[in-house]
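Below: query28.txt (compact mmCIF, N, CA and C atoms)
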# COMPACT_ATOMS: atom_id res chain seq x y z
N MET A 12 9.85 18.20 1.71
CA MET A 12 9.61 16.92 2.34
C MET A 12 9.75 15.84 1.26
N SER A 13 9.51 14.59 1.64
CA SER A 13 9.78 13.54 0.68
C SER A 13 8.96 12.29 0.95
N ILE A 14 9.02 11.40 -0.01
CA ILE A 14 8.44 10.07 0.13
C ILE A 14 9.60 9.09 0.06
N SER A 15 9.72 8.27 1.09
CA SER A 15 10.75 7.23 1.12
C SER A 15 10.08 5.90 0.82
N VAL A 16 10.74 5.06 0.05
CA VAL A 16 10.16 3.79 -0.39
C VAL A 16 10.98 2.64 0.18
N TYR A 17 10.27 1.66 0.76
CA TYR A 17 10.90 0.51 1.40
C TYR A 17 10.24 -0.77 0.91
N GLY A 18 10.91 -1.91 1.15
CA GLY A 18 10.34 -3.22 0.84
C GLY A 18 10.56 -3.64 -0.59
N GLU A 19 9.94 -4.75 -0.94
CA GLU A 19 10.08 -5.31 -2.29
C GLU A 19 8.71 -5.56 -2.91
N SER A 20 8.63 -5.31 -4.20
CA SER A 20 7.41 -5.52 -4.97
C SER A 20 7.75 -5.40 -6.44
N PRO A 21 6.99 -6.08 -7.31
CA PRO A 21 7.19 -5.87 -8.74
C PRO A 21 6.90 -4.42 -9.15
N LEU A 22 6.13 -3.69 -8.35
CA LEU A 22 5.77 -2.31 -8.67
C LEU A 22 6.77 -1.28 -8.15
N LYS A 23 7.67 -1.67 -7.28
CA LYS A 23 8.54 -0.70 -6.59
C LYS A 23 9.36 0.14 -7.57
N LYS A 24 10.02 -0.47 -8.51
CA LYS A 24 10.87 0.26 -9.44
C LYS A 24 10.06 1.27 -10.26
N GLY A 25 8.90 0.85 -10.74
CA GLY A 25 8.04 1.76 -11.49
C GLY A 25 7.53 2.91 -10.64
N PHE A 26 7.22 2.62 -9.37
CA PHE A 26 6.75 3.67 -8.47
C PHE A 26 7.85 4.70 -8.21
N GLU A 27 9.07 4.24 -8.04
CA GLU A 27 10.18 5.17 -7.82
C GLU A 27 10.37 6.09 -9.03
N ALA A 28 10.22 5.56 -10.24
CA ALA A 28 10.32 6.39 -11.45
C ALA A 28 9.14 7.36 -11.52
N PHE A 29 7.95 6.90 -11.16
CA PHE A 29 6.76 7.73 -11.13
C PHE A 29 6.96 8.91 -10.16
N LEU A 30 7.56 8.65 -9.01
CA LEU A 30 7.79 9.71 -8.02
C LEU A 30 8.67 10.83 -8.57
N LYS A 31 9.68 10.46 -9.36
CA LYS A 31 10.60 11.46 -9.90
C LYS A 31 9.89 12.46 -10.80
N ALA A 32 8.79 12.02 -11.42
CA ALA A 32 8.05 12.89 -12.34
C ALA A 32 6.82 13.53 -11.69
N SER A 33 6.64 13.33 -10.39
CA SER A 33 5.43 13.80 -9.71
C SER A 33 5.72 14.96 -8.76
N LYS A 34 4.68 15.76 -8.52
CA LYS A 34 4.77 16.79 -7.49
C LYS A 34 4.58 16.09 -6.15
N LEU A 35 5.57 16.19 -5.29
CA LEU A 35 5.52 15.48 -4.02
C LEU A 35 4.77 16.28 -2.96
N PRO A 36 4.09 15.59 -2.06
CA PRO A 36 3.37 16.27 -0.98
C PRO A 36 4.33 16.88 0.04
N ASP A 37 3.78 17.74 0.89
CA ASP A 37 4.59 18.42 1.90
C ASP A 37 4.62 17.64 3.21
N HIS A 38 4.87 16.37 3.14
CA HIS A 38 4.93 15.52 4.32
C HIS A 38 6.09 14.54 4.18
N ASN A 39 6.57 14.08 5.32
CA ASN A 39 7.54 12.98 5.30
C ASN A 39 6.74 11.69 5.34
N CYS A 40 6.64 11.05 4.21
CA CYS A 40 5.81 9.86 4.09
C CYS A 40 6.69 8.65 3.76
N ALA A 41 6.38 7.53 4.39
CA ALA A 41 7.06 6.27 4.07
C ALA A 41 6.06 5.36 3.37
N VAL A 42 6.47 4.81 2.26
CA VAL A 42 5.67 3.81 1.54
C VAL A 42 6.40 2.48 1.68
N ILE A 43 5.70 1.50 2.25
CA ILE A 43 6.29 0.18 2.46
C ILE A 43 5.61 -0.80 1.52
N PHE A 44 6.35 -1.33 0.55
CA PHE A 44 5.82 -2.40 -0.29
C PHE A 44 6.00 -3.70 0.50
N ALA A 45 4.89 -4.27 0.93
CA ALA A 45 4.91 -5.40 1.86
C ALA A 45 4.45 -6.70 1.22
N ASP A 46 4.59 -6.83 -0.09
CA ASP A 46 4.08 -8.01 -0.80
C ASP A 46 4.57 -9.33 -0.20
N LYS A 47 5.85 -9.45 0.02
CA LYS A 47 6.43 -10.71 0.47
C LYS A 47 6.96 -10.64 1.90
N SER A 48 6.67 -9.55 2.60
CA SER A 48 7.22 -9.36 3.94
C SER A 48 6.37 -10.07 4.98
N SER A 49 7.03 -10.53 6.03
CA SER A 49 6.29 -11.12 7.14
C SER A 49 5.68 -9.99 7.96
N GLY A 50 4.63 -10.31 8.70
CA GLY A 50 4.02 -9.32 9.57
C GLY A 50 5.02 -8.77 10.56
N GLU A 51 5.92 -9.62 11.05
CA GLU A 51 6.93 -9.20 12.02
C GLU A 51 7.90 -8.21 11.39
N ASP A 52 8.32 -8.46 10.14
CA ASP A 52 9.22 -7.54 9.45
C ASP A 52 8.56 -6.18 9.24
N VAL A 53 7.28 -6.20 8.85
CA VAL A 53 6.55 -4.95 8.63
C VAL A 53 6.39 -4.21 9.95
N LEU A 54 6.10 -4.92 11.02
CA LEU A 54 5.97 -4.30 12.35
C LEU A 54 7.26 -3.58 12.74
N LYS A 55 8.40 -4.25 12.58
CA LYS A 55 9.69 -3.64 12.93
C LYS A 55 9.96 -2.40 12.08
N LEU A 56 9.66 -2.50 10.80
CA LEU A 56 9.89 -1.37 9.91
C LEU A 56 8.97 -0.20 10.27
N ILE A 57 7.70 -0.47 10.55
CA ILE A 57 6.77 0.59 10.93
C ILE A 57 7.22 1.24 12.24
N GLU A 58 7.64 0.43 13.20
CA GLU A 58 8.13 1.00 14.47
C GLU A 58 9.28 1.98 14.24
N ALA A 59 10.22 1.59 13.40
CA ALA A 59 11.37 2.45 13.12
C ALA A 59 10.96 3.69 12.34
N LEU A 60 10.09 3.52 11.35
CA LEU A 60 9.72 4.64 10.48
C LEU A 60 8.79 5.63 11.16
N SER A 61 8.02 5.18 12.14
CA SER A 61 7.06 6.08 12.80
C SER A 61 7.74 7.19 13.58
N VAL A 62 9.02 7.04 13.85
CA VAL A 62 9.77 8.07 14.57
C VAL A 62 10.10 9.25 13.65
N VAL A 63 10.31 9.00 12.38
CA VAL A 63 10.76 10.05 11.46
C VAL A 63 9.76 10.43 10.38
N HIS A 64 8.69 9.66 10.22
CA HIS A 64 7.70 9.95 9.17
C HIS A 64 6.36 10.26 9.81
N ASP A 65 5.66 11.27 9.26
CA ASP A 65 4.35 11.59 9.80
C ASP A 65 3.22 10.82 9.12
N ARG A 66 3.54 10.10 8.06
CA ARG A 66 2.57 9.26 7.36
C ARG A 66 3.27 7.99 6.89
N ILE A 67 2.55 6.88 7.02
CA ILE A 67 3.07 5.60 6.55
C ILE A 67 1.96 4.91 5.77
N LEU A 68 2.31 4.41 4.61
CA LEU A 68 1.35 3.64 3.81
C LEU A 68 1.98 2.30 3.48
N ALA A 69 1.37 1.23 3.96
CA ALA A 69 1.78 -0.12 3.58
C ALA A 69 1.03 -0.47 2.30
N VAL A 70 1.71 -1.10 1.35
CA VAL A 70 1.12 -1.44 0.06
C VAL A 70 1.37 -2.92 -0.19
N CYS A 71 0.31 -3.66 -0.54
CA CYS A 71 0.51 -5.08 -0.84
C CYS A 71 -0.41 -5.54 -1.97
N ASP A 72 0.01 -6.59 -2.62
CA ASP A 72 -0.72 -7.20 -3.74
C ASP A 72 -1.92 -7.95 -3.18
N TYR A 73 -3.11 -7.52 -3.56
CA TYR A 73 -4.34 -8.10 -3.06
C TYR A 73 -4.42 -9.60 -3.37
N PHE A 74 -4.06 -9.98 -4.59
CA PHE A 74 -4.23 -11.37 -5.00
C PHE A 74 -3.18 -12.28 -4.39
N ASP A 75 -1.98 -11.77 -4.21
CA ASP A 75 -0.95 -12.57 -3.54
C ASP A 75 -1.40 -12.88 -2.11
N CYS A 76 -2.04 -11.91 -1.48
CA CYS A 76 -2.42 -12.05 -0.08
C CYS A 76 -3.72 -12.81 0.12
N GLU A 77 -4.64 -12.72 -0.80
CA GLU A 77 -5.96 -13.32 -0.62
C GLU A 77 -6.11 -14.64 -1.37
N GLY A 78 -5.07 -15.12 -1.98
CA GLY A 78 -5.17 -16.36 -2.76
C GLY A 78 -5.27 -17.59 -1.89
N ALA A 79 -5.02 -18.73 -2.48
CA ALA A 79 -5.15 -20.00 -1.77
C ALA A 79 -3.97 -20.28 -0.84
N ASP A 80 -2.95 -19.47 -0.89
CA ASP A 80 -1.77 -19.68 -0.07
C ASP A 80 -2.02 -19.20 1.36
N PRO A 81 -2.11 -20.11 2.33
CA PRO A 81 -2.38 -19.70 3.71
C PRO A 81 -1.30 -18.80 4.30
N GLU A 82 -0.05 -18.99 3.89
CA GLU A 82 1.03 -18.12 4.39
C GLU A 82 0.85 -16.69 3.92
N ALA A 83 0.44 -16.52 2.67
CA ALA A 83 0.21 -15.17 2.15
C ALA A 83 -0.96 -14.51 2.88
N ALA A 84 -2.01 -15.26 3.13
CA ALA A 84 -3.16 -14.71 3.86
C ALA A 84 -2.74 -14.33 5.28
N ALA A 85 -1.91 -15.14 5.91
CA ALA A 85 -1.44 -14.84 7.26
C ALA A 85 -0.60 -13.57 7.26
N ARG A 86 0.25 -13.40 6.23
CA ARG A 86 1.07 -12.17 6.12
C ARG A 86 0.17 -10.95 6.02
N LEU A 87 -0.85 -11.03 5.16
CA LEU A 87 -1.75 -9.90 4.97
C LEU A 87 -2.43 -9.53 6.29
N HIS A 88 -2.96 -10.52 6.98
CA HIS A 88 -3.69 -10.22 8.20
C HIS A 88 -2.77 -9.72 9.31
N ALA A 89 -1.53 -10.12 9.30
CA ALA A 89 -0.55 -9.56 10.24
C ALA A 89 -0.30 -8.09 9.93
N VAL A 90 -0.20 -7.76 8.64
CA VAL A 90 0.00 -6.36 8.24
C VAL A 90 -1.23 -5.53 8.60
N ILE A 91 -2.43 -6.06 8.35
CA ILE A 91 -3.66 -5.34 8.70
C ILE A 91 -3.70 -5.06 10.20
N GLY A 92 -3.39 -6.07 11.01
CA GLY A 92 -3.39 -5.89 12.46
C GLY A 92 -2.37 -4.85 12.90
N THR A 93 -1.20 -4.87 12.29
CA THR A 93 -0.15 -3.91 12.62
C THR A 93 -0.59 -2.49 12.28
N VAL A 94 -1.17 -2.29 11.10
CA VAL A 94 -1.63 -0.96 10.68
C VAL A 94 -2.69 -0.45 11.65
N LYS A 95 -3.66 -1.27 11.96
CA LYS A 95 -4.74 -0.83 12.85
C LYS A 95 -4.24 -0.56 14.27
N ALA A 96 -3.34 -1.40 14.76
CA ALA A 96 -2.81 -1.21 16.12
C ALA A 96 -1.99 0.07 16.21
N PHE A 97 -1.15 0.33 15.22
CA PHE A 97 -0.34 1.55 15.24
C PHE A 97 -1.20 2.79 15.11
N ALA A 98 -2.23 2.74 14.28
CA ALA A 98 -3.12 3.89 14.13
C ALA A 98 -3.77 4.22 15.47
N ARG A 99 -4.18 3.21 16.17
CA ARG A 99 -4.86 3.41 17.44
C ARG A 99 -3.91 3.84 18.55
N SER A 100 -2.75 3.20 18.65
CA SER A 100 -1.89 3.43 19.81
C SER A 100 -0.87 4.55 19.64
N LYS A 101 -0.44 4.78 18.42
CA LYS A 101 0.65 5.75 18.21
C LYS A 101 0.15 7.11 17.74
N GLY A 102 -1.10 7.19 17.31
CA GLY A 102 -1.63 8.46 16.84
C GLY A 102 -0.97 8.98 15.57
N ILE A 103 -0.51 8.09 14.71
CA ILE A 103 0.09 8.51 13.44
C ILE A 103 -0.86 8.15 12.30
N ARG A 104 -0.64 8.76 11.17
CA ARG A 104 -1.44 8.43 9.98
C ARG A 104 -0.78 7.23 9.32
N ILE A 105 -1.45 6.12 9.39
CA ILE A 105 -0.94 4.89 8.78
C ILE A 105 -2.11 4.14 8.17
N ASN A 106 -1.97 3.77 6.91
CA ASN A 106 -3.03 3.09 6.18
C ASN A 106 -2.44 1.96 5.35
N LEU A 107 -3.32 1.12 4.82
CA LEU A 107 -2.92 -0.01 3.98
C LEU A 107 -3.64 0.09 2.65
N LEU A 108 -2.89 0.00 1.57
CA LEU A 108 -3.47 -0.03 0.23
C LEU A 108 -3.20 -1.40 -0.36
N ARG A 109 -4.28 -2.11 -0.72
CA ARG A 109 -4.14 -3.41 -1.40
C ARG A 109 -4.48 -3.18 -2.87
N TYR A 110 -3.58 -3.59 -3.74
CA TYR A 110 -3.81 -3.38 -5.17
C TYR A 110 -4.16 -4.68 -5.87
N GLY A 111 -4.88 -4.55 -6.98
CA GLY A 111 -5.32 -5.70 -7.75
C GLY A 111 -4.35 -6.08 -8.85
N ALA A 112 -4.83 -6.89 -9.76
CA ALA A 112 -4.00 -7.42 -10.84
C ALA A 112 -3.43 -6.30 -11.71
N THR A 113 -2.15 -6.43 -12.03
CA THR A 113 -1.50 -5.47 -12.92
C THR A 113 -1.12 -6.09 -14.26
N ASP A 114 -1.54 -7.32 -14.47
CA ASP A 114 -1.36 -7.95 -15.78
C ASP A 114 -2.53 -8.91 -16.02
N LYS A 115 -2.85 -9.11 -17.28
CA LYS A 115 -4.02 -9.92 -17.63
C LYS A 115 -3.90 -11.37 -17.20
N ALA A 116 -2.68 -11.86 -17.08
CA ALA A 116 -2.48 -13.27 -16.70
C ALA A 116 -2.99 -13.55 -15.29
N HIS A 117 -3.00 -12.53 -14.43
CA HIS A 117 -3.44 -12.72 -13.05
C HIS A 117 -4.81 -12.13 -12.77
N LEU A 118 -5.53 -11.74 -13.82
CA LEU A 118 -6.84 -11.13 -13.66
C LEU A 118 -7.89 -12.18 -13.33
N PRO A 119 -8.53 -12.06 -12.17
CA PRO A 119 -9.59 -13.02 -11.83
C PRO A 119 -10.85 -12.73 -12.65
N ASP A 120 -11.77 -13.69 -12.67
CA ASP A 120 -13.00 -13.54 -13.44
C ASP A 120 -13.93 -12.48 -12.87
N ALA A 121 -13.88 -12.27 -11.58
CA ALA A 121 -14.87 -11.43 -10.91
C ALA A 121 -14.36 -10.02 -10.63
N VAL A 122 -13.92 -9.30 -11.68
CA VAL A 122 -13.49 -7.91 -11.52
C VAL A 122 -14.47 -7.05 -12.32
N ALA A 123 -15.10 -6.11 -11.64
CA ALA A 123 -16.15 -5.30 -12.26
C ALA A 123 -15.67 -4.55 -13.50
N LEU A 124 -14.46 -4.02 -13.47
CA LEU A 124 -13.96 -3.25 -14.61
C LEU A 124 -13.43 -4.14 -15.74
N GLU A 125 -13.36 -5.43 -15.50
CA GLU A 125 -12.99 -6.43 -16.51
C GLU A 125 -11.65 -6.18 -17.18
N ARG A 126 -10.70 -5.65 -16.42
CA ARG A 126 -9.35 -5.44 -16.94
C ARG A 126 -8.38 -5.34 -15.79
N SER A 127 -7.11 -5.48 -16.10
CA SER A 127 -6.08 -5.30 -15.08
C SER A 127 -5.74 -3.81 -14.98
N ALA A 128 -5.07 -3.45 -13.90
CA ALA A 128 -4.70 -2.06 -13.66
C ALA A 128 -3.43 -1.70 -14.40
N GLU A 129 -3.37 -0.47 -14.82
CA GLU A 129 -2.11 0.10 -15.27
C GLU A 129 -1.36 0.51 -14.01
N PRO A 130 -0.05 0.39 -13.97
CA PRO A 130 0.67 0.74 -12.73
C PRO A 130 0.34 2.13 -12.19
N TRP A 131 0.20 3.14 -13.06
CA TRP A 131 -0.09 4.49 -12.59
C TRP A 131 -1.42 4.55 -11.86
N GLU A 132 -2.35 3.63 -12.17
CA GLU A 132 -3.64 3.62 -11.49
C GLU A 132 -3.51 3.18 -10.03
N ILE A 133 -2.39 2.59 -9.69
CA ILE A 133 -2.08 2.25 -8.31
C ILE A 133 -1.20 3.34 -7.70
N PHE A 134 -0.30 3.90 -8.49
CA PHE A 134 0.61 4.93 -7.98
C PHE A 134 -0.12 6.20 -7.57
N GLU A 135 -1.13 6.63 -8.34
CA GLU A 135 -1.87 7.85 -8.02
C GLU A 135 -2.52 7.78 -6.63
N PRO A 136 -3.23 6.69 -6.28
CA PRO A 136 -3.77 6.61 -4.92
C PRO A 136 -2.69 6.60 -3.83
N ILE A 137 -1.53 6.04 -4.13
CA ILE A 137 -0.44 6.08 -3.15
C ILE A 137 -0.06 7.53 -2.87
N LEU A 138 0.06 8.35 -3.93
CA LEU A 138 0.38 9.76 -3.73
C LEU A 138 -0.72 10.48 -2.97
N PHE A 139 -1.98 10.11 -3.22
CA PHE A 139 -3.09 10.70 -2.47
C PHE A 139 -2.91 10.49 -0.97
N PHE A 140 -2.56 9.27 -0.58
CA PHE A 140 -2.42 8.97 0.84
C PHE A 140 -1.17 9.59 1.45
N ALA A 141 -0.27 10.05 0.63
CA ALA A 141 0.90 10.76 1.13
C ALA A 141 0.62 12.25 1.29
N GLY A 142 -0.47 12.71 0.70
CA GLY A 142 -0.77 14.14 0.68
C GLY A 142 -1.81 14.59 1.68
N ASP A 143 -2.28 15.81 1.48
CA ASP A 143 -3.22 16.44 2.41
C ASP A 143 -4.62 15.85 2.35
N GLY A 144 -4.97 15.17 1.28
CA GLY A 144 -6.32 14.64 1.12
C GLY A 144 -6.73 13.63 2.17
N CYS A 145 -5.76 13.08 2.86
CA CYS A 145 -6.10 12.05 3.87
C CYS A 145 -5.69 12.48 5.28
N ASP A 146 -5.71 13.77 5.54
CA ASP A 146 -5.32 14.26 6.86
C ASP A 146 -6.12 13.62 8.00
N PHE A 147 -7.35 13.25 7.76
CA PHE A 147 -8.19 12.71 8.82
C PHE A 147 -8.43 11.21 8.64
N MET A 148 -7.51 10.53 7.96
CA MET A 148 -7.63 9.09 7.74
C MET A 148 -6.46 8.37 8.39
N THR A 149 -6.75 7.35 9.15
CA THR A 149 -5.71 6.49 9.69
C THR A 149 -6.32 5.14 10.04
N GLY A 150 -5.52 4.09 9.92
CA GLY A 150 -5.99 2.74 10.22
C GLY A 150 -6.92 2.16 9.18
N GLN A 151 -6.93 2.71 7.98
CA GLN A 151 -7.87 2.28 6.95
C GLN A 151 -7.23 1.30 5.97
N ILE A 152 -8.08 0.44 5.42
CA ILE A 152 -7.66 -0.50 4.37
C ILE A 152 -8.35 -0.06 3.10
N ILE A 153 -7.57 0.27 2.10
CA ILE A 153 -8.11 0.77 0.85
C ILE A 153 -7.79 -0.23 -0.24
N ASP A 154 -8.82 -0.66 -0.96
CA ASP A 154 -8.64 -1.62 -2.05
C ASP A 154 -8.70 -0.89 -3.39
N VAL A 155 -7.63 -0.98 -4.15
CA VAL A 155 -7.56 -0.44 -5.51
C VAL A 155 -7.44 -1.65 -6.41
N ASN A 156 -8.59 -2.23 -6.77
CA ASN A 156 -8.57 -3.55 -7.41
C ASN A 156 -9.55 -3.69 -8.58
N GLY A 157 -10.10 -2.62 -9.07
CA GLY A 157 -11.01 -2.71 -10.21
C GLY A 157 -12.39 -3.22 -9.85
N GLY A 158 -12.71 -3.28 -8.58
CA GLY A 158 -14.04 -3.70 -8.16
C GLY A 158 -14.20 -5.20 -8.11
N ILE A 159 -13.39 -5.86 -7.30
CA ILE A 159 -13.52 -7.32 -7.17
C ILE A 159 -14.91 -7.64 -6.64
N ILE A 160 -15.57 -8.54 -7.31
CA ILE A 160 -16.91 -8.96 -6.93
C ILE A 160 -16.82 -10.29 -6.21
N TYR A 161 -17.34 -10.32 -5.01
CA TYR A 161 -17.27 -11.55 -4.21
C TYR A 161 -18.50 -12.39 -4.42

Output the structure of this file as structure tokens.
Amino acid sequence: MSISVYGESPLKKGFEAFLKASKLPDHNCAVIFADKSSGEDVLKLIEALSVVHDRILAVCDYFDCEGADPEAAARLHAVIGTVKAFARSKGIRINLLRYGATDKAHLPDAVALERSAEPWEIFEPILFFAGDGCDFMTGQIIDVNGGIIY
């Protein structure tokens, strides 16, 4: 089986290289990097991918989506709604992973671990959601962000 990667993100190229060196799960999983995608684009992609993949994981930049930009916040909430609706109506395993800062320049003051993430610290949870460890998880939002303190 395999993991197929879609969408655009600063992390996409690194994730694809990480996959080549990793033991892949026994599932057809789609990973959608949805950082700059509209909710409508993600919805169309999920509809198409749900026919051929038994697991779908949408991945987006937490800070891009939760910042002061209302359009970014709207994109995030459209993706959240899409993930939850598909989990409920289609009976597929679909989840959303929001990742935190991957460089010190974008690190907010209120992060419990007081550092930015290394890319592999985001890639490992993506592989987890593609594997057997999440057989009974769907419609969930998972934050991999170093413990953002609100």

Nearest to A:Ile103, chosen from A:Asp143, A:Ile133, A:Val122, A:Gly150, with only N, CA and C atoms counted in the distances:
A:Gly150

If you count only C-alpha atoms, which residues fall within 9 Å of A:Ala141, apart from same-chain ones fewer than 6 positions away, as an NGL selection string?
:A and (14 or 35-42 or 66-68)

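Compared by their closest atoms to A:Gly158, and using only C-alpha atoms, the residues A:Gly142, A:Trp131, A:Gly111, A:Lys31 rank with A:Gly111 nearest.
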
Which is closer to A:Phe29 than all the others in A:Phe134, A:His64, A:Phe139, A:Ile152, using all atoms listed in the file?
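Of A:Phe134, A:His64, A:Phe139, A:Ile152, the one nearest A:Phe29 is A:Phe134, counting all atoms listed in the file.
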
Just list the residues in stretch 30-92 of chain A DSSP gives strand (DSSP E or B) on the backbone, as a count of residues only.
13

If you run DSSP on the backbone here, which positions in stretch 125-157 of chain A get helix (DSSP H, G or I)? Please write them as a ChimeraX atom specification.
/A:130-141,143-145

Restricting the calculation to all atoms listed in the file, which member of A:Glu135, A:Glu19, A:Asp80, A:Glu27 is positioned closest to A:Ser48?
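Looking at the shortest contact to A:Ser48, the residue is A:Glu19.
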
Let me have the centre and edge lengths in Å, one decimal, of the box along x, y and z around every listed atom of stretch 82-87 of chain A with 4 Å of margin on each side, as AutoDock Vina command-line options.
--center_x -1.0 --center_y -14.3 --center_z 4.7 --size_x 12.2 --size_y 17.5 --size_z 13.1

Which residues, written as a PyMOL selection string, have at least one atom at most 8 Å from A:Ile43, with only N, CA and C atoms counted and residues fewer than 6 positions away on the same chain left out?
chain A and resi 15-20+67-71

Atom C of A:Val94 and atom N of A:Pro119 are how many Å apart?
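Atom-to-atom, atom C of A:Val94 and atom N of A:Pro119 are spaced 27.1 Å apart.
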
List the spatial neighbours of A:Thr93 as an MDAnalysis selection string - criterion: any atom at most 9 Å away, only C-alpha atoms, same-chain residues fewer than 3 positions off excluded.
chainID A and resid 50:51 53:54 57 88:90 96:98

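Among the candidates A:Glu125, A:Leu107, A:Glu132, A:Ala112, the one nearest to A:Ile91 when counting only N, CA and C atoms is A:Leu107.
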
Atom CA of A:Phe147 sits from atom C of A:Gly102 at a separation of 10.6 Å

If you measure from atom CA of A:Gly25 to atom CA of A:Pro130, what distance in Å do you get, rounded to one decimal?
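We find that atom CA of A:Gly25 and atom CA of A:Pro130 lie 7.5 Å from each other.
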
My structure is short of atoms at stretch 40-54 of chain A; please model N, CA, C and O atoms there, returning them as a PDB file, keeping the file's coordinate frame.
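The result, written out as rebuild15.pdb:
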ATOM      1  N   CYS A  40       6.640  11.050   4.210  1.00  0.00           N
ATOM      2  CA  CYS A  40       5.810   9.860   4.090  1.00  0.00           C
ATOM      3  C   CYS A  40       6.690   8.650   3.760  1.00  0.00           C
ATOM      4  O   CYS A  40       7.600   8.752   2.952  1.00  0.00           O
ATOM      5  N   ALA A  41       6.380   7.530   4.390  1.00  0.00           N
ATOM      6  CA  ALA A  41       7.060   6.270   4.070  1.00  0.00           C
ATOM      7  C   ALA A  41       6.060   5.360   3.370  1.00  0.00           C
ATOM      8  O   ALA A  41       4.929   5.191   3.828  1.00  0.00           O
ATOM      9  N   VAL A  42       6.470   4.810   2.260  1.00  0.00           N
ATOM     10  CA  VAL A  42       5.670   3.810   1.540  1.00  0.00           C
ATOM     11  C   VAL A  42       6.400   2.480   1.680  1.00  0.00           C
ATOM     12  O   VAL A  42       7.558   2.364   1.301  1.00  0.00           O
ATOM     13  N   ILE A  43       5.700   1.500   2.250  1.00  0.00           N
ATOM     14  CA  ILE A  43       6.290   0.180   2.460  1.00  0.00           C
ATOM     15  C   ILE A  43       5.610  -0.800   1.520  1.00  0.00           C
ATOM     16  O   ILE A  43       4.421  -1.081   1.663  1.00  0.00           O
ATOM     17  N   PHE A  44       6.350  -1.330   0.550  1.00  0.00           N
ATOM     18  CA  PHE A  44       5.820  -2.400  -0.290  1.00  0.00           C
ATOM     19  C   PHE A  44       6.000  -3.700   0.500  1.00  0.00           C
ATOM     20  O   PHE A  44       7.111  -4.140   0.738  1.00  0.00           O
ATOM     21  N   ALA A  45       4.890  -4.270   0.930  1.00  0.00           N
ATOM     22  CA  ALA A  45       4.910  -5.400   1.860  1.00  0.00           C
ATOM     23  C   ALA A  45       4.450  -6.700   1.220  1.00  0.00           C
ATOM     24  O   ALA A  45       3.978  -7.596   1.916  1.00  0.00           O
ATOM     25  N   ASP A  46       4.590  -6.830  -0.090  1.00  0.00           N
ATOM     26  CA  ASP A  46       4.080  -8.010  -0.800  1.00  0.00           C
ATOM     27  C   ASP A  46       4.570  -9.330  -0.200  1.00  0.00           C
ATOM     28  O   ASP A  46       3.797 -10.239   0.004  1.00  0.00           O
ATOM     29  N   LYS A  47       5.850  -9.450   0.020  1.00  0.00           N
ATOM     30  CA  LYS A  47       6.430 -10.710   0.470  1.00  0.00           C
ATOM     31  C   LYS A  47       6.960 -10.640   1.900  1.00  0.00           C
ATOM     32  O   LYS A  47       7.629 -11.548   2.356  1.00  0.00           O
ATOM     33  N   SER A  48       6.670  -9.550   2.600  1.00  0.00           N
ATOM     34  CA  SER A  48       7.220  -9.360   3.940  1.00  0.00           C
ATOM     35  C   SER A  48       6.370 -10.070   4.980  1.00  0.00           C
ATOM     36  O   SER A  48       5.162 -10.169   4.845  1.00  0.00           O
ATOM     37  N   SER A  49       7.030 -10.530   6.030  1.00  0.00           N
ATOM     38  CA  SER A  49       6.290 -11.120   7.140  1.00  0.00           C
ATOM     39  C   SER A  49       5.680  -9.990   7.960  1.00  0.00           C
ATOM     40  O   SER A  49       6.146  -8.849   7.925  1.00  0.00           O
ATOM     41  N   GLY A  50       4.630 -10.310   8.700  1.00  0.00           N
ATOM     42  CA  GLY A  50       4.020  -9.320   9.570  1.00  0.00           C
ATOM     43  C   GLY A  50       5.020  -8.770  10.560  1.00  0.00           C
ATOM     44  O   GLY A  50       5.031  -7.574  10.876  1.00  0.00           O
ATOM     45  N   GLU A  51       5.920  -9.620  11.050  1.00  0.00           N
ATOM     46  CA  GLU A  51       6.930  -9.200  12.020  1.00  0.00           C
ATOM     47  C   GLU A  51       7.900  -8.210  11.390  1.00  0.00           C
ATOM     48  O   GLU A  51       8.272  -7.204  12.011  1.00  0.00           O
ATOM     49  N   ASP A  52       8.320  -8.460  10.140  1.00  0.00           N
ATOM     50  CA  ASP A  52       9.220  -7.540   9.450  1.00  0.00           C
ATOM     51  C   ASP A  52       8.560  -6.180   9.240  1.00  0.00           C
ATOM     52  O   ASP A  52       9.178  -5.136   9.421  1.00  0.00           O
ATOM     53  N   VAL A  53       7.280  -6.200   8.850  1.00  0.00           N
ATOM     54  CA  VAL A  53       6.550  -4.950   8.630  1.00  0.00           C
ATOM     55  C   VAL A  53       6.390  -4.210   9.950  1.00  0.00           C
ATOM     56  O   VAL A  53       6.570  -2.989  10.014  1.00  0.00           O
ATOM     57  N   LEU A  54       6.100  -4.920  11.020  1.00  0.00           N
ATOM     58  CA  LEU A  54       5.970  -4.300  12.350  1.00  0.00           C
ATOM     59  C   LEU A  54       7.260  -3.580  12.740  1.00  0.00           C
ATOM     60  O   LEU A  54       7.239  -2.424  13.163  1.00  0.00           O
TER      61      LEU A  54
END
